[in-house]
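**Q** Structure file model37.cif, mmCIF, C-alpha atoms, is pasted below:
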data_model
loop_
_atom_site.label_atom_id
_atom_site.label_comp_id
_atom_site.auth_asym_id
_atom_site.auth_seq_id
_atom_site.Cartn_x
_atom_site.Cartn_y
_atom_site.Cartn_z
CA MET A 1 -1.20 -69.92 113.85
CA ALA A 2 -1.15 -72.91 116.15
CA ILE A 3 1.95 -75.06 115.95
CA GLU A 4 2.71 -77.48 118.74
CA TYR A 5 5.80 -79.62 119.30
CA LEU A 6 4.87 -82.97 120.83
CA LYS A 7 8.55 -83.87 120.61
CA ARG A 8 11.37 -81.40 120.14
CA SER A 9 15.00 -81.96 119.17
CA LYS A 10 17.36 -82.04 122.15
CA SER A 11 20.33 -81.02 120.03
CA GLU A 12 22.02 -77.73 120.67
CA ALA A 13 23.92 -75.52 118.27
CA ARG A 14 27.19 -77.00 117.18
CA ASP A 15 29.90 -76.42 119.76
CA PRO A 16 32.34 -73.74 118.46
CA ALA A 17 35.27 -75.49 120.14
CA THR A 18 34.40 -78.77 118.44
CA GLU A 19 33.99 -77.01 115.10
CA LYS A 20 37.33 -75.25 115.55
CA LYS A 21 39.08 -78.53 116.34
CA LEU A 22 37.51 -80.16 113.28
CA ARG A 23 38.70 -77.34 111.02
CA GLU A 24 42.21 -77.42 112.45
CA THR A 25 42.47 -81.21 112.17
CA VAL A 26 41.38 -81.19 108.54
CA GLU A 27 43.64 -78.26 107.68
CA ALA A 28 46.67 -79.97 109.22
CA THR A 29 45.87 -83.23 107.45
CA LEU A 30 45.48 -81.59 104.04
CA THR A 31 48.77 -79.73 104.57
CA ASP A 32 50.47 -83.01 105.42
CA ILE A 33 49.10 -84.61 102.25
CA GLU A 34 50.33 -81.67 100.19
CA ASP A 35 53.78 -81.81 101.81
CA ARG A 36 54.35 -85.58 101.89
CA GLY A 37 51.96 -86.97 99.30
CA ASP A 38 51.70 -90.74 99.13
CA ALA A 39 53.57 -91.25 102.41
CA ALA A 40 51.01 -89.19 104.32
CA VAL A 41 48.11 -90.90 102.55
CA ARG A 42 49.49 -94.33 103.44
CA GLU A 43 49.99 -93.43 107.11
CA LEU A 44 46.48 -92.01 107.38
CA SER A 45 44.92 -95.06 105.76
CA GLN A 46 46.79 -97.37 108.09
CA LYS A 47 45.83 -95.28 111.13
CA PHE A 48 42.12 -94.92 110.41
CA ASP A 49 41.27 -97.96 108.28
CA GLY A 50 44.05 -100.43 109.10
CA TYR A 51 44.61 -100.73 105.36
CA ALA A 52 47.87 -100.03 103.51
CA PRO A 53 48.34 -102.20 100.41
CA GLU A 54 51.22 -101.81 98.00
CA SER A 55 48.91 -99.79 95.75
CA PHE A 56 45.57 -98.24 96.68
CA ARG A 57 44.54 -98.23 93.03
CA LEU A 58 42.92 -101.47 91.92
CA THR A 59 44.22 -103.16 88.80
CA PRO A 60 41.83 -104.48 86.14
CA GLY A 61 42.53 -107.99 87.41
CA GLU A 62 41.71 -107.05 90.99
CA ILE A 63 38.50 -105.36 89.88
CA GLU A 64 37.47 -108.46 87.94
CA ALA A 65 38.23 -110.72 90.91
CA LEU A 66 36.14 -108.57 93.23
CA MET A 67 33.24 -108.44 90.76
CA ASN A 68 33.30 -112.23 90.58
CA LYS A 69 32.47 -112.27 94.30
CA VAL A 70 29.16 -110.45 93.69
CA THR A 71 26.20 -112.81 93.33
CA ASP A 72 24.24 -112.89 90.09
CA ARG A 73 21.16 -111.51 91.84
CA ASP A 74 23.10 -108.62 93.36
CA MET A 75 24.77 -107.86 90.05
CA GLU A 76 21.40 -107.77 88.27
CA ASP A 77 20.05 -105.41 90.93
CA ILE A 78 23.08 -103.11 90.61
CA LYS A 79 22.68 -103.01 86.84
CA PHE A 80 18.95 -102.28 87.15
CA ALA A 81 19.56 -99.41 89.59
CA GLN A 82 22.28 -97.93 87.40
CA ALA A 83 20.03 -98.12 84.36
CA GLN A 84 17.41 -96.03 86.19
CA VAL A 85 19.99 -93.48 87.33
CA LYS A 86 21.58 -93.24 83.88
CA ASN A 87 18.23 -92.97 82.10
CA PHE A 88 17.08 -90.09 84.27
CA ALA A 89 20.47 -88.38 84.07
CA GLN A 90 20.38 -88.71 80.28
CA ALA A 91 16.93 -87.14 80.17
CA GLN A 92 18.27 -84.26 82.26
CA ARG A 93 21.30 -83.93 79.99
CA ASP A 94 19.09 -83.87 76.91
CA SER A 95 17.21 -80.91 78.38
CA MET A 96 20.42 -78.85 78.54
CA LEU A 97 20.87 -77.42 75.08
CA ASP A 98 23.72 -75.51 73.51
CA ILE A 99 22.33 -72.28 72.11
CA GLU A 100 23.28 -69.72 69.47
CA VAL A 101 21.32 -66.55 68.73
CA GLU A 102 21.72 -63.43 66.55
CA PRO A 103 20.19 -60.56 68.60
CA ILE A 104 21.59 -57.93 66.23
CA PRO A 105 22.32 -58.64 62.55
CA GLY A 106 25.89 -59.87 62.33
CA VAL A 107 26.31 -60.46 66.09
CA ILE A 108 26.37 -64.09 67.19
CA LEU A 109 26.03 -65.08 70.89
CA GLY A 110 25.97 -68.60 72.24
CA HIS A 111 26.88 -71.03 74.96
CA LYS A 112 28.17 -74.57 75.09
CA ASN A 113 27.79 -77.11 77.89
CA ILE A 114 31.22 -78.69 78.38
CA PRO A 115 31.95 -81.53 80.83
CA VAL A 116 34.34 -81.00 83.71
CA GLN A 117 37.51 -82.69 82.51
CA SER A 118 38.18 -84.76 85.63
CA VAL A 119 36.15 -85.58 88.72
CA GLY A 120 36.85 -87.37 91.99
CA CYS A 121 33.87 -89.37 93.26
CA TYR A 122 33.91 -90.20 96.96
CA VAL A 123 31.77 -93.20 97.90
CA PRO A 124 31.45 -93.54 101.69
CA GLY A 125 31.59 -96.95 103.30
CA GLY A 126 32.56 -96.73 106.95
CA LYS A 127 29.36 -98.03 108.56
CA TYR A 128 27.81 -99.62 105.46
CA PRO A 129 29.10 -100.36 101.95
CA ILE A 130 27.07 -97.65 100.21
CA VAL A 131 26.68 -99.23 96.78
CA ALA A 132 24.09 -96.68 95.68
CA SER A 133 26.46 -93.72 96.12
CA ALA A 134 28.56 -95.12 93.29
CA HIS A 135 25.57 -94.92 90.95
CA MET A 136 24.82 -91.36 91.97
CA SER A 137 28.29 -89.92 91.45
CA VAL A 138 30.14 -92.20 89.02
CA ALA A 139 27.29 -93.20 86.68
CA THR A 140 25.99 -89.64 86.47
CA ALA A 141 29.47 -88.35 85.65
CA SER A 142 29.66 -90.97 82.93
CA VAL A 143 26.40 -89.73 81.38
CA ALA A 144 27.87 -86.21 81.45
CA LYS A 145 30.84 -87.64 79.47
CA VAL A 146 33.49 -86.58 81.97
CA PRO A 147 36.75 -87.80 80.36
CA ARG A 148 38.43 -88.89 83.61
CA ILE A 149 36.40 -90.30 86.50
CA VAL A 150 38.32 -91.21 89.66
CA ALA A 151 36.46 -93.15 92.37
CA CYS A 152 37.56 -93.63 95.98
CA THR A 153 35.92 -95.72 98.69
CA PRO A 154 37.26 -96.86 102.07
CA PRO A 155 37.82 -100.52 102.82
CA PHE A 156 34.88 -102.25 104.47
CA GLN A 157 35.87 -104.51 107.35
CA GLY A 158 39.47 -104.37 106.21
CA ALA A 159 39.05 -105.14 102.51
CA PRO A 160 37.50 -103.70 99.34
CA ALA A 161 33.72 -104.10 99.24
CA PRO A 162 33.02 -106.19 96.10
CA ALA A 163 29.58 -104.74 95.38
CA VAL A 164 30.82 -101.14 95.70
CA ILE A 165 33.75 -101.85 93.38
CA ALA A 166 31.39 -103.50 90.90
CA ALA A 167 29.10 -100.46 90.96
CA MET A 168 32.04 -98.10 90.43
CA HIS A 169 33.34 -100.15 87.50
CA LEU A 170 29.94 -100.61 85.86
CA GLY A 171 29.19 -96.93 86.43
CA GLY A 172 32.17 -95.94 84.31
CA ALA A 173 35.03 -95.14 86.70
CA HIS A 174 38.38 -94.96 84.94
CA GLU A 175 40.44 -95.23 88.15
CA ILE A 176 39.32 -96.98 91.34
CA TYR A 177 41.12 -96.55 94.67
CA VAL A 178 40.36 -98.26 97.96
CA LEU A 179 40.95 -95.20 100.08
CA GLY A 180 38.73 -93.28 102.47
CA GLY A 181 38.37 -90.17 104.58
CA ILE A 182 40.34 -86.94 104.34
CA GLN A 183 43.19 -88.86 102.74
CA ALA A 184 40.96 -89.80 99.80
CA VAL A 185 39.48 -86.39 99.02
CA GLY A 186 42.80 -84.71 99.78
CA ALA A 187 44.72 -86.98 97.42
CA MET A 188 42.16 -86.54 94.65
CA ALA A 189 42.13 -82.75 94.94
CA ILE A 190 45.80 -82.09 95.69
CA GLY A 191 47.38 -84.98 93.82
CA THR A 192 50.29 -87.21 94.80
CA ASP A 193 53.11 -88.99 93.00
CA THR A 194 50.69 -91.78 92.09
CA MET A 195 47.46 -89.82 91.61
CA GLU A 196 46.89 -86.90 89.27
CA PRO A 197 44.67 -84.20 90.82
CA VAL A 198 41.09 -83.77 89.65
CA HIS A 199 39.13 -80.64 88.80
CA MET A 200 36.06 -81.41 90.93
CA LEU A 201 35.05 -83.45 93.99
CA VAL A 202 31.61 -85.00 94.47
CA GLY A 203 29.94 -87.36 96.91
CA PRO A 204 28.82 -87.43 100.55
CA GLY A 205 30.90 -88.34 103.59
CA ASN A 206 31.34 -87.84 107.32
CA ALA A 207 32.08 -84.52 109.03
CA PHE A 208 35.79 -84.77 108.20
CA VAL A 209 35.14 -85.43 104.53
CA ALA A 210 32.63 -82.57 104.37
CA GLU A 211 35.07 -80.17 106.04
CA ALA A 212 37.87 -81.29 103.71
CA LYS A 213 35.67 -80.53 100.70
CA ARG A 214 34.85 -77.13 102.17
CA GLN A 215 38.53 -76.28 102.61
CA LEU A 216 39.44 -77.57 99.15
CA PHE A 217 36.64 -75.65 97.44
CA GLY A 218 38.18 -73.07 95.16
CA ARG A 219 41.18 -75.22 94.50
CA VAL A 220 38.70 -77.66 92.99
CA GLY A 221 34.98 -77.49 92.39
CA ILE A 222 32.59 -79.41 94.61
CA ASP A 223 29.03 -80.62 94.22
CA LEU A 224 27.58 -79.27 97.48
CA PHE A 225 28.11 -79.29 101.23
CA ALA A 226 26.30 -82.45 102.35
CA GLY A 227 25.98 -83.25 106.05
CA PRO A 228 24.22 -86.07 107.92
CA THR A 229 21.06 -87.49 106.36
CA GLU A 230 17.80 -85.68 107.19
CA THR A 231 14.23 -86.80 106.67
CA MET A 232 10.82 -85.23 107.12
CA VAL A 233 7.44 -86.89 106.85
CA ILE A 234 4.50 -84.61 106.03
CA ALA A 235 1.32 -86.57 106.70
CA ASP A 236 -2.37 -86.33 107.40
CA GLU A 237 -4.93 -88.99 108.32
CA THR A 238 -4.85 -90.52 104.85
CA VAL A 239 -1.98 -92.67 106.14
CA ASP A 240 -1.38 -94.55 109.37
CA ALA A 241 1.24 -94.52 112.09
CA GLU A 242 3.07 -97.60 110.82
CA MET A 243 3.76 -95.89 107.50
CA CYS A 244 4.98 -92.70 109.17
CA ALA A 245 7.14 -94.44 111.76
CA THR A 246 8.72 -96.77 109.21
CA ASP A 247 9.66 -93.89 106.94
CA LEU A 248 11.12 -91.89 109.82
CA LEU A 249 13.26 -94.72 111.18
CA GLY A 250 14.27 -95.85 107.71
CA GLN A 251 16.45 -92.77 107.49
CA ALA A 252 17.31 -92.37 111.18
CA GLU A 253 19.31 -95.61 110.94
CA HIS A 254 21.95 -93.84 108.83
CA GLY A 255 23.72 -92.69 111.98
CA THR A 256 23.35 -91.11 115.38
CA ASP A 257 23.19 -87.61 113.91
CA SER A 258 20.33 -87.99 111.41
CA PRO A 259 17.33 -85.73 112.13
CA ALA A 260 13.85 -87.18 111.58
CA VAL A 261 10.77 -84.94 111.70
CA LEU A 262 7.05 -85.68 111.53
CA LEU A 263 4.91 -82.76 110.42
CA THR A 264 1.16 -83.37 110.61
CA ASN A 265 -2.21 -81.75 111.16
CA SER A 266 -3.49 -84.75 113.13
CA ARG A 267 -2.72 -84.99 116.84
CA LYS A 268 -3.91 -88.59 116.84
CA LEU A 269 -1.55 -89.54 114.01
CA ALA A 270 1.30 -87.76 115.81
CA GLN A 271 0.71 -89.63 119.06
CA ASP A 272 0.17 -92.97 117.32
CA THR A 273 3.37 -92.49 115.30
CA MET A 274 5.41 -91.80 118.42
CA ALA A 275 4.08 -95.01 119.96
CA GLU A 276 4.79 -96.94 116.75
CA VAL A 277 8.36 -95.62 116.65
CA GLU A 278 8.93 -97.03 120.12
CA ARG A 279 7.51 -100.40 119.06
CA LEU A 280 9.68 -100.58 115.96
CA LEU A 281 12.82 -99.58 117.85
CA LYS A 282 12.47 -102.76 119.89
CA ILE A 283 12.77 -104.95 116.80
CA LEU A 284 14.80 -102.89 114.30
CA PRO A 285 18.30 -104.43 113.88
CA THR A 286 19.81 -100.95 113.44
CA ALA A 287 18.04 -99.53 116.49
CA ASP A 288 21.35 -98.74 118.18
CA ARG A 289 21.83 -95.87 115.74
CA ALA A 290 18.20 -95.03 115.02
CA ARG A 291 17.36 -94.77 118.72
CA VAL A 292 20.03 -92.13 119.35
CA SER A 293 18.96 -90.10 116.32
CA TRP A 294 15.30 -90.27 117.27
CA ASP A 295 15.85 -89.48 120.94
CA THR A 296 18.15 -86.52 120.34
CA LEU A 297 17.11 -85.17 116.94
CA GLY A 298 13.59 -86.45 116.35
CA GLU A 299 10.73 -83.97 116.24
CA VAL A 300 6.94 -84.28 116.07
CA ILE A 301 5.13 -81.09 115.07
CA VAL A 302 1.35 -80.66 114.95
CA CYS A 303 -0.13 -77.84 112.88
CA ASP A 304 -3.71 -76.68 112.44
CA THR A 305 -3.67 -76.16 108.68
CA TYR A 306 -1.93 -77.34 105.53
CA ASP A 307 -0.62 -73.80 105.01
CA GLU A 308 1.10 -73.99 108.38
CA MET A 309 2.58 -77.36 107.45
CA LEU A 310 3.89 -75.87 104.21
CA GLN A 311 5.44 -72.91 106.00
CA MET A 312 7.13 -75.14 108.58
CA ALA A 313 8.40 -77.52 105.89
CA ASP A 314 10.00 -74.72 103.90
CA ASP A 315 11.56 -73.30 107.06
CA ILE A 316 13.08 -76.64 108.06
CA ALA A 317 14.22 -77.30 104.44
CA SER A 318 14.88 -80.99 105.04
CA GLU A 319 16.99 -83.11 102.72
CA HIS A 320 14.31 -85.78 102.14
CA VAL A 321 10.64 -84.83 102.34
CA GLN A 322 8.10 -87.67 102.28
CA VAL A 323 4.63 -86.24 101.53
CA MET A 324 1.61 -88.46 102.29
CA THR A 325 -1.53 -86.34 102.29
CA ASP A 326 -4.77 -85.80 100.39
CA ARG A 327 -3.02 -83.02 98.42
CA ASP A 328 0.48 -84.25 97.54
CA ASP A 329 0.61 -82.30 94.27
CA TRP A 330 -0.26 -79.11 96.15
CA PHE A 331 2.93 -79.52 98.17
CA LEU A 332 4.85 -80.20 94.94
CA GLU A 333 3.50 -76.97 93.44
CA ASN A 334 4.10 -74.82 96.52
CA MET A 335 7.17 -76.11 98.37
CA THR A 336 10.35 -74.20 97.58
CA CYS A 337 13.05 -75.36 100.03
CA TYR A 338 14.02 -79.04 100.21
CA GLY A 339 16.43 -81.61 98.84
CA ALA A 340 14.02 -84.00 97.13
CA LEU A 341 10.29 -84.74 97.40
CA PHE A 342 8.79 -88.22 97.66
CA LEU A 343 5.12 -87.96 96.86
CA GLY A 344 2.48 -90.38 98.08
CA ALA A 345 2.42 -93.43 100.31
CA ARG A 346 3.49 -95.69 97.44
CA THR A 347 6.75 -93.77 97.24
CA ASN A 348 9.47 -93.70 99.88
CA VAL A 349 12.91 -92.21 100.48
CA ALA A 350 14.64 -95.57 100.14
CA ASN A 351 13.45 -95.63 96.52
CA GLY A 352 15.39 -92.45 95.87
CA ASP A 353 18.37 -93.59 97.89
CA LYS A 354 18.81 -96.87 96.07
CA VAL A 355 17.06 -97.40 92.77
CA ILE A 356 14.35 -95.16 91.34
CA GLY A 357 16.70 -92.98 89.29
CA THR A 358 16.83 -89.55 90.94
CA ASN A 359 20.10 -88.62 92.62
CA HIS A 360 20.45 -89.15 96.36
CA THR A 361 23.31 -86.71 96.99
CA LEU A 362 21.19 -83.85 98.33
CA PRO A 363 21.52 -80.58 100.29
CA THR A 364 21.31 -80.70 104.10
CA ARG A 365 21.40 -78.16 106.95
CA LYS A 366 18.94 -75.85 105.16
CA ALA A 367 21.11 -75.68 102.03
CA GLY A 368 17.96 -76.57 100.07
CA ARG A 369 17.14 -72.86 100.35
CA TYR A 370 19.82 -72.06 97.77
CA THR A 371 20.79 -75.24 95.93
CA GLY A 372 19.46 -78.51 94.64
CA GLY A 373 21.30 -81.80 94.78
CA LEU A 374 23.84 -83.53 92.60
CA TRP A 375 22.68 -84.05 89.00
CA VAL A 376 24.18 -84.39 85.57
CA GLY A 377 24.30 -80.61 85.20
CA LYS A 378 26.77 -80.32 88.09
CA TYR A 379 29.38 -81.97 85.88
CA LEU A 380 28.82 -79.51 83.05
CA LYS A 381 30.21 -76.00 82.70
CA THR A 382 28.20 -73.56 80.63
CA HIS A 383 30.64 -71.46 78.62
CA SER A 384 29.58 -68.49 76.51
CA TYR A 385 31.07 -67.34 73.22
CA GLN A 386 30.51 -64.45 70.84
CA LYS A 387 31.50 -63.44 67.33
CA ILE A 388 30.76 -60.52 65.01
CA LEU A 389 30.35 -61.34 61.34
CA THR A 390 29.84 -57.97 59.63
CA ASP A 391 31.68 -54.65 59.47
CA GLU A 392 28.49 -52.79 60.31
CA ALA A 393 27.92 -54.76 63.52
CA ALA A 394 31.57 -54.42 64.55
CA ALA A 395 31.40 -50.63 64.22
CA GLU A 396 28.02 -50.33 65.96
CA ILE A 397 28.95 -52.50 68.96
CA GLY A 398 32.41 -50.91 69.07
CA ALA A 399 30.92 -47.45 69.37
CA TYR A 400 28.66 -48.48 72.24
CA ALA A 401 31.53 -50.28 73.99
CA SER A 402 33.77 -47.23 73.62
CA ARG A 403 31.28 -44.78 75.08
CA LEU A 404 30.33 -47.07 77.96
CA SER A 405 34.00 -47.73 78.74
CA MET A 406 34.74 -43.99 78.89
CA LEU A 407 31.73 -43.58 81.19
CA GLU A 408 33.61 -45.82 83.64
CA GLY A 409 37.03 -44.31 82.96
CA PHE A 410 38.46 -47.33 81.13
CA VAL A 411 40.36 -45.66 78.31
CA GLY A 412 42.08 -48.85 77.17
CA HIS A 413 38.74 -50.59 76.92
CA ALA A 414 37.40 -47.67 74.91
CA GLU A 415 40.28 -47.88 72.48
CA GLN A 416 39.42 -51.52 71.75
CA GLY A 417 36.03 -50.28 70.56
CA ASN A 418 37.52 -47.26 68.77
CA LEU A 419 39.88 -49.47 66.78
CA ARG A 420 36.94 -51.52 65.46
CA VAL A 421 35.10 -48.35 64.52
CA ARG A 422 38.15 -47.08 62.61
CA ARG A 423 38.80 -50.42 60.89
CA TYR A 424 35.28 -51.50 60.07
CA GLY A 425 33.13 -48.33 60.23
CA ARG A 426 32.68 -45.37 57.90
CA ARG A 427 35.76 -44.16 56.03
CA ASN A 428 37.70 -41.25 57.52
CA VAL A 429 36.14 -41.41 61.00
CA PRO A 430 38.09 -38.97 63.22
CA TYR A 431 40.12 -40.59 66.01
CA GLY A 432 38.01 -40.99 69.13
CA ALA A 433 34.73 -40.20 67.40
CA ALA A 434 33.12 -43.37 68.71
CA ALA A 435 33.68 -42.21 72.27
CA GLU A 436 31.94 -38.86 71.80
#
Render the structure in this file as structure tokens.

**A**
Amino acid sequence: MAIEYLKRSKSEARDPATEKKLRETVEATLTDIEDRGDAAVRELSQKFDGYAPESFRLTPGEIEALMNKVTDRDMEDIKFAQAQVKNFAQAQRDSMLDIEVEPIPGVILGHKNIPVQSVGCYVPGGKYPIVASAHMSVATASVAKVPRIVACTPPFQGAPAPAVIAAMHLGGAHEIYVLGGIQAVGAMAIGTDTMEPVHMLVGPGNAFVAEAKRQLFGRVGIDLFAGPTETMVIADETVDAEMCATDLLGQAEHGTDSPAVLLTNSRKLAQDTMAEVERLLKILPTADRARVSWDTLGEVIVCDTYDEMLQMADDIASEHVQVMTDRDDWFLENMTCYGALFLGARTNVANGDKVIGTNHTLPTRKAGRYTGGLWVGKYLKTHSYQKILTDEAAAEIGAYASRLSMLEGFVGHAEQGNLRVRRYGRRNVPYGAAAE
């Protein structure tokens, strides 16, 4: 195997002291919210966002006024994007069937897919008003028929972002709050005098939001642990350096902590892409962020074979994987660890982020090894049920249950089975016969 790094990430493992401080800060903040409720939430919002209105929850009139600020073109685009997201989510939902089977005559087993009864959708908006995140969390929850959808987003430049509020409302949010950070996810999960707690939290956010979700997990459900955006481009000489560099920097602009990796079997393409990245960074308006990400977290890896590229890709398990090769479907068939695949030069990660219909809340930091991203199924709980319709089945299953319970020493369990044998089995069965 010959794998060469022409550029390697300069990042080091996360500093334990920094991680410890983050955990302690979030823990103290969540405790404060639990102890003081709305007062703590208001102080935190004023401190971090300079925003403390009389009520963080928007009224129907305020929502309408904000939506009136969105241009017709922008509103049409939002509606188009939500239609794609909802259509795909509905197709996914339709694939999830309730089932009922009769494996033994008279024994009925089944499961039902039931929506989570309330969900808190966090839509980030510190650096940018992330309109698309509202589609991904709120609209998908709506397709799942969640009865109560709460949506929170921070103020953008000191005020609610009209397009984000429009997307939340059109997506189906029942309650909309202009509230960000730990105070938002904490209030949704813990509850305050003015906000009923939810059963589940979804949506991406910064390190503090992610840590808050981690600490709240168990008290509420969560979608997944999502960190900074990651992107990987897998390419061969069927594409050029401009395509590769554009797709790398298109995600690196998210922030200064967004890894971007080129994986290729062409040294020439690797070198040309590195040069093209430098050219684009001179003209990209968001180069201040993209430059830091590329310099510190960017990697360029040259492999000899496609098999080596596949092995490296699965090991890195990137959130977004852009595949532009002469065998895109081969990667689709063989890759096992990633957030989402974007196949072919005509496709790109921005499609998935904004409009194409798949969900953009995806696993990061190698979590693609054990989970996929947010989808309509995350809002559904699969609950089993069972019933026995005949005396014969009740006695047969009861006898098995009794004997197996005694095998483990659970006498009370065994008696549950014995009682069914006595009630529904043969007449005059001696006590305890089922357990023999």

**Q** If I take CA of Gln251 in chain A and CA of Gln322 in chain A, how far is one from the other in Å, to one decimal?

**A**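 Separating CA of Gln251 in chain A from CA of Gln322 in chain A is a distance of 11.1 Å.
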
**Q** So which residues touch Val119 in chain A within 8 Å, counting all atoms listed in the file, skipping near sequence neighbours fewer than 2 positions away, as number ranges by chain?

**A** A: 116-117, 121, 141, 146, 148-150, 198-202

**Q** May I have the residues within 7 Å of Asn418 in chain A as a ChimeraX atom specification, using only C-alpha atoms and disregarding those fewer than 2 positions away in the same chain?

**A** /A:398-399,402,414-416,420-422,432,434

**Q** With all atoms listed in the file as the basis for distance, which of A:Glu278, A:Glu319, A:Asp328, A:Asp295 is at the shortest distance from Ala235 in chain A?

**A**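 So, comparing all the options, the nearest one is A:Asp328.
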
**Q** Nearest to Ala2 in chain A: which of A:Thr296, A:His169, A:Asp307, A:Leu249 is it, counting only C-alpha atoms?

**A**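 Distance minimum relative to Ala2 in chain A lands on A:Asp307.
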
**Q** Which residues fall under the PyMOL selection byres ((chain A and resi 357-366) around 6) in this file, as a PDB file with C-alpha atoms, in the coordinates of the input?

**A**
ATOM      1  CA  GLN A  84      17.410 -96.030  86.190  1.00  0.00           C
ATOM      2  CA  VAL A  85      19.990 -93.480  87.330  1.00  0.00           C
ATOM      3  CA  PHE A  88      17.080 -90.090  84.270  1.00  0.00           C
ATOM      4  CA  MET A 136      24.820 -91.360  91.970  1.00  0.00           C
ATOM      5  CA  ALA A 226      26.300 -82.450 102.350  1.00  0.00           C
ATOM      6  CA  GLY A 227      25.980 -83.250 106.050  1.00  0.00           C
ATOM      7  CA  ALA A 317      14.220 -77.300 104.440  1.00  0.00           C
ATOM      8  CA  GLU A 319      16.990 -83.110 102.720  1.00  0.00           C
ATOM      9  CA  GLY A 339      16.430 -81.610  98.840  1.00  0.00           C
ATOM     10  CA  GLY A 352      15.390 -92.450  95.870  1.00  0.00           C
ATOM     11  CA  ASP A 353      18.370 -93.590  97.890  1.00  0.00           C
ATOM     12  CA  VAL A 355      17.060 -97.400  92.770  1.00  0.00           C
ATOM     13  CA  ILE A 356      14.350 -95.160  91.340  1.00  0.00           C
ATOM     14  CA  ALA A 367      21.110 -75.680 102.030  1.00  0.00           C
ATOM     15  CA  GLY A 368      17.960 -76.570 100.070  1.00  0.00           C
ATOM     16  CA  ARG A 369      17.140 -72.860 100.350  1.00  0.00           C
ATOM     17  CA  GLY A 373      21.300 -81.800  94.780  1.00  0.00           C
ATOM     18  CA  LEU A 374      23.840 -83.530  92.600  1.00  0.00           C
TER      19      LEU A 374
END

**Q** Spell out the residues picked by the PyMOL selection byres ((chain A and resi 194) around 12) here, as a PyMOL selection string.

**A** chain A and resi 37-39+41-42+54-57+175+177+187-188+190-193+195-197

**Q** If you keep C-alpha atoms, can you produce a file of those selected residues as a JSON list (two decimals), keeping the file's coordinate frame?

**A**
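Contents of selection.json, as written:
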[["chain", "number", "residue", "atom", "x", "y", "z"],
["A", 37, "GLY", "CA", 51.96, -86.97, 99.30],
["A", 38, "ASP", "CA", 51.70, -90.74, 99.13],
["A", 39, "ALA", "CA", 53.57, -91.25, 102.41],
["A", 41, "VAL", "CA", 48.11, -90.90, 102.55],
["A", 42, "ARG", "CA", 49.49, -94.33, 103.44],
["A", 54, "GLU", "CA", 51.22, -101.81, 98.00],
["A", 55, "SER", "CA", 48.91, -99.79, 95.75],
["A", 56, "PHE", "CA", 45.57, -98.24, 96.68],
["A", 57, "ARG", "CA", 44.54, -98.23, 93.03],
["A", 175, "GLU", "CA", 40.44, -95.23, 88.15],
["A", 177, "TYR", "CA", 41.12, -96.55, 94.67],
["A", 187, "ALA", "CA", 44.72, -86.98, 97.42],
["A", 188, "MET", "CA", 42.16, -86.54, 94.65],
["A", 190, "ILE", "CA", 45.80, -82.09, 95.69],
["A", 191, "GLY", "CA", 47.38, -84.98, 93.82],
["A", 192, "THR", "CA", 50.29, -87.21, 94.80],
["A", 193, "ASP", "CA", 53.11, -88.99, 93.00],
["A", 195, "MET", "CA", 47.46, -89.82, 91.61],
["A", 196, "GLU", "CA", 46.89, -86.90, 89.27],
["A", 197, "PRO", "CA", 44.67, -84.20, 90.82]]

**Q** Can you pull out the residues contacting Gly377 in chain A? Cut-off 12 Å, using all atoms listed in the file, and skip same-chain residues under 4 positions away; I want them as a list in words.

**A**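 Residues meeting the cut-off are Phe88, Ala89, Gln90, Ala91, Gln92, Arg93, Asp94, Ser95, Met96, Leu97, Asn113, Ile114, Pro115, Val116, Ser137, Thr140, Ala141, Ser142, Val143, Ala144, Lys145, Val146, Asp223, Asn359, Gly372, Gly373, Lys381 and Thr382 of chain A.
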
**Q** Show me, as a short mmCIF file (atom, residue, chain, number, x, y, z; two decimals) with C-alpha atoms, in the coordinates of the input, the residues that have an atom within 10 Å of Lys387 in chain A when counting all atoms listed in the file, minus same-chain residues fewer than 2 positions from it.

**A**
data_model
loop_
_atom_site.label_atom_id
_atom_site.label_comp_id
_atom_site.auth_asym_id
_atom_site.auth_seq_id
_atom_site.Cartn_x
_atom_site.Cartn_y
_atom_site.Cartn_z
CA GLU A 102 21.72 -63.43 66.55
CA GLY A 106 25.89 -59.87 62.33
CA VAL A 107 26.31 -60.46 66.09
CA ILE A 108 26.37 -64.09 67.19
CA LEU A 109 26.03 -65.08 70.89
CA GLY A 110 25.97 -68.60 72.24
CA TYR A 385 31.07 -67.34 73.22
CA LEU A 389 30.35 -61.34 61.34
CA THR A 390 29.84 -57.97 59.63
CA ALA A 394 31.57 -54.42 64.55
#

**Q** First collect every listed atom of range 306-310 of chain A; then fit an axis-aligned box around them, widen it by 3 Å on each side, and give centre and edge lengths in Å to one decimal, as JSON.

**A**
{"center_x": 1.0, "center_y": -75.6, "center_z": 106.3, "size_x": 11.8, "size_y": 9.6, "size_z": 10.2}

**Q** Taking into account all atoms listed in the file, which residue in the set A:Ala163, A:Thr264, A:Tyr338, A:Ala395 is nearest to Arg73 in chain A?

**A**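 Closest to Arg73 in chain A, using all atoms listed in the file: A:Ala163.
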
**Q** Given the PyMOL selection byres ((chain A and resi 230) around 6) and the file above, list the residues it selects as a list in words.

**A**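 Residues picked by the PyMOL selection byres ((chain A and resi 230) around 6): Thr229, Thr231, Ser258, Pro259, Ser318 and Glu319 of chain A.
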
**Q** Taking all atoms listed in the file into account, name the residue in A:Leu407, A:Val185, A:Ala166, A:Leu216 that is nearest to Glu64 in chain A.

**A**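 The closest residue to Glu64 in chain A is A:Ala166.
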